[in-house]
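Novice: Can you keep this structure in mind? I'll have questions shortly.
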Amino acid sequence: MLRPVISVVLVALLAGCDPERVHVDDEVRGYLAIFDCPQASGAYIPTTIEEVIAEPGRFQEKPIKVSGFYHVSFENSAIYPTASSVEDFASGLWMLVGLDDGLMGKRVTVRGIYDPGRNDGQHQWPRGGHLGQWPGAICVHSMEAVDE
């Protein structure tokens, strides 16, 4: 009788740690609250940066998982589809939270909520980054290097 109970408890605990389902630790949640990031639940939608930019309404305020090249510099914290596109702001997504200089220039996987924000040229920050130059932002829940 004890074995089935232990099995059920273990499965429940492991399911709660699934990196493909939305999970935000308390420290990150605090940062995201500062930026008034939207909240969502469920599974992260695997997609590409290009798809998110092409169809922002499809991904708006939904959990997404994208891979690309991370770049961080003065007024530029974003993920881009290729290493050579890091100066083409329109091809990337601004990142709220997730600053990790150790991952600079590396291919990373990012999980978070996509938020295109308002695109009126004045009120886009922080959703569109510095001067609203990016087509939206990811409120980052997690970011890790991709093993290549």
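For the structure tokens, the naming scheme is as follows: chains receive sequential letters (A, B, ...) according to their order of presentation, residues are indexed from 1 within each chain, and ligands are indexed from 1 in presentation order.
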Would you please extract all strand (DSSP E or B) residues from region 12-144 of chain A, as assigned by DSSP on the backbone, and give them as a PyMOL selection string?
Specialist: chain A and resi 21+43+45-46+63-73+76-80+93-96+107-115+137-144
Novice: Quick one: residues within 10 Å of Ser73 (chain A), only C-alpha atoms counted, chain neighbours fewer than 4 positions away excluded, as a list of chain:residue names?
Specialist: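 Skipping anything fewer than 4 positions along the chain leaves A:Ser77, A:Ala78, A:Leu99, A:Asp101, A:Met104.
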Novice: If you count only C-alpha atoms, which residues fall within 10 Å of Thr82 (chain A), apart from same-chain ones fewer than 3 positions away, as a list in words?
Specialist: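 Here the answer would be Ser67, Gly68, Phe69, Tyr70, Ile79, Ser85, Val86, Ser91, Gly92, Gly105 and Arg107 of chain A.
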Novice: Now that the selection is made, can you save its residues with N, CA and C atoms as a compact mmCIF listing (two decimals), in the first residue's frame?
Specialist:
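Generated file (again-v3.txt):
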# COMPACT_ATOMS: atom_id res chain seq x y z
N SER A 67 15.41 29.64 -29.37
CA SER A 67 16.86 29.56 -29.31
C SER A 67 17.44 30.59 -30.27
N GLY A 68 18.58 31.12 -29.90
CA GLY A 68 19.25 32.09 -30.73
C GLY A 68 20.54 32.52 -30.07
N PHE A 69 21.10 33.60 -30.58
CA PHE A 69 22.38 34.09 -30.07
C PHE A 69 22.13 35.28 -29.15
N TYR A 70 22.68 35.18 -27.96
CA TYR A 70 22.48 36.20 -26.94
C TYR A 70 23.52 37.30 -27.09
N ILE A 79 18.06 38.62 -28.00
CA ILE A 79 18.38 37.33 -28.60
C ILE A 79 18.11 37.46 -30.10
N SER A 85 23.57 38.60 -36.90
CA SER A 85 22.45 39.55 -36.93
C SER A 85 22.32 40.39 -35.67
N VAL A 86 23.34 40.40 -34.80
CA VAL A 86 23.21 41.07 -33.51
C VAL A 86 23.11 42.59 -33.61
N SER A 91 15.53 42.08 -36.19
CA SER A 91 15.51 40.63 -36.33
C SER A 91 15.57 39.92 -34.98
N GLY A 92 15.68 40.67 -33.89
CA GLY A 92 15.82 40.06 -32.58
C GLY A 92 14.68 40.41 -31.65
N GLY A 105 27.23 36.13 -26.74
CA GLY A 105 27.70 35.59 -28.01
C GLY A 105 27.45 34.11 -28.20
N ARG A 107 25.01 30.57 -28.27
CA ARG A 107 23.66 30.13 -28.62
C ARG A 107 22.98 29.72 -27.31
Novice: For Asn76 (chain A), list every protein, DNA or RNA residue within 8 Å, evaluated using only C-alpha atoms, and leave out those in the same chain fewer than 3 positions away; present the list as a PDB file with N, CA and C atoms, in the first residue's frame.
Specialist:
ATOM      1  N   HIS A  71      23.042  38.523 -27.045  1.00  0.00           N
ATOM      2  CA  HIS A  71      23.941  39.668 -27.118  1.00  0.00           C
ATOM      3  C   HIS A  71      23.551  40.657 -26.030  1.00  0.00           C
ATOM      4  N   VAL A  72      24.536  41.120 -25.290  1.00  0.00           N
ATOM      5  CA  VAL A  72      24.293  42.144 -24.283  1.00  0.00           C
ATOM      6  C   VAL A  72      25.403  43.180 -24.390  1.00  0.00           C
ATOM      7  N   SER A  73      24.990  44.428 -24.494  1.00  0.00           N
ATOM      8  CA  SER A  73      25.914  45.555 -24.515  1.00  0.00           C
ATOM      9  C   SER A  73      25.108  46.776 -24.091  1.00  0.00           C
ATOM     10  N   TRP A  94      14.045  41.807 -27.677  1.00  0.00           N
ATOM     11  CA  TRP A  94      14.575  42.399 -26.449  1.00  0.00           C
ATOM     12  C   TRP A  94      14.320  41.415 -25.317  1.00  0.00           C
ATOM     13  N   GLY A 129      12.593  47.547 -26.155  1.00  0.00           N
ATOM     14  CA  GLY A 129      13.969  47.904 -25.890  1.00  0.00           C
ATOM     15  C   GLY A 129      14.246  49.386 -26.054  1.00  0.00           C
ATOM     16  N   HIS A 130      15.501  49.733 -26.095  1.00  0.00           N
ATOM     17  CA  HIS A 130      15.930  51.129 -26.199  1.00  0.00           C
ATOM     18  C   HIS A 130      15.361  51.770 -27.457  1.00  0.00           C
TER      19      HIS A 130
END
Novice: Tell me, in Å to one decimal, how far CA of Lys65 (chain A) is from CA of Pro46 (chain A).
Specialist: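 Those two atoms sit 4.7 Å apart.
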Novice: Report, in Å with one decimal, the straight-line distance from CA of Ala43 (chain A) to CA of Asp88 (chain A).
Specialist: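 Taking CA of Ala43 (chain A) as the start and CA of Asp88 (chain A) as the end point, the length is 29.7 Å.
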Novice: To one decimal place, how far is CA of Thr48 (chain A) from CA of Arg111 (chain A) in Å?
Specialist: 11.7 Å
Novice: Closest to Pro81 (chain A) among A:His141, A:Lys106, A:Arg29, A:His23, using only C-alpha atoms?
Specialist: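 Nearest candidate to Pro81 (chain A) out of A:His141, A:Lys106, A:Arg29, A:His23: A:Lys106.
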Novice: Using only C-alpha atoms, which residues sit within 10 Å of Val52 (chain A) once same-chain residues fewer than 6 positions away are excluded, as a PyMOL selection string?
Specialist: chain A and resi 58-60+64+66+92-93+114+116+135-136
Novice: Using only C-alpha atoms, please write the residues we just selected to a file, as a CSV table (one decimal), in the first residue's frame.
Specialist:
chain,number,residue,atom,x,y,z
A,58,ARG,CA,-0.2,34.4,-32.1
A,59,PHE,CA,2.4,34.5,-29.3
A,60,GLN,CA,1.3,37.6,-27.4
A,64,ILE,CA,7.5,30.6,-25.6
A,66,VAL,CA,13.2,30.1,-28.5
A,92,GLY,CA,15.8,40.1,-32.6
A,93,LEU,CA,13.8,40.2,-29.4
A,114,TYR,CA,6.4,37.1,-25.3
A,116,PRO,CA,5.0,42.9,-28.1
A,135,PRO,CA,9.7,44.1,-32.4
A,136,GLY,CA,8.8,43.0,-28.8
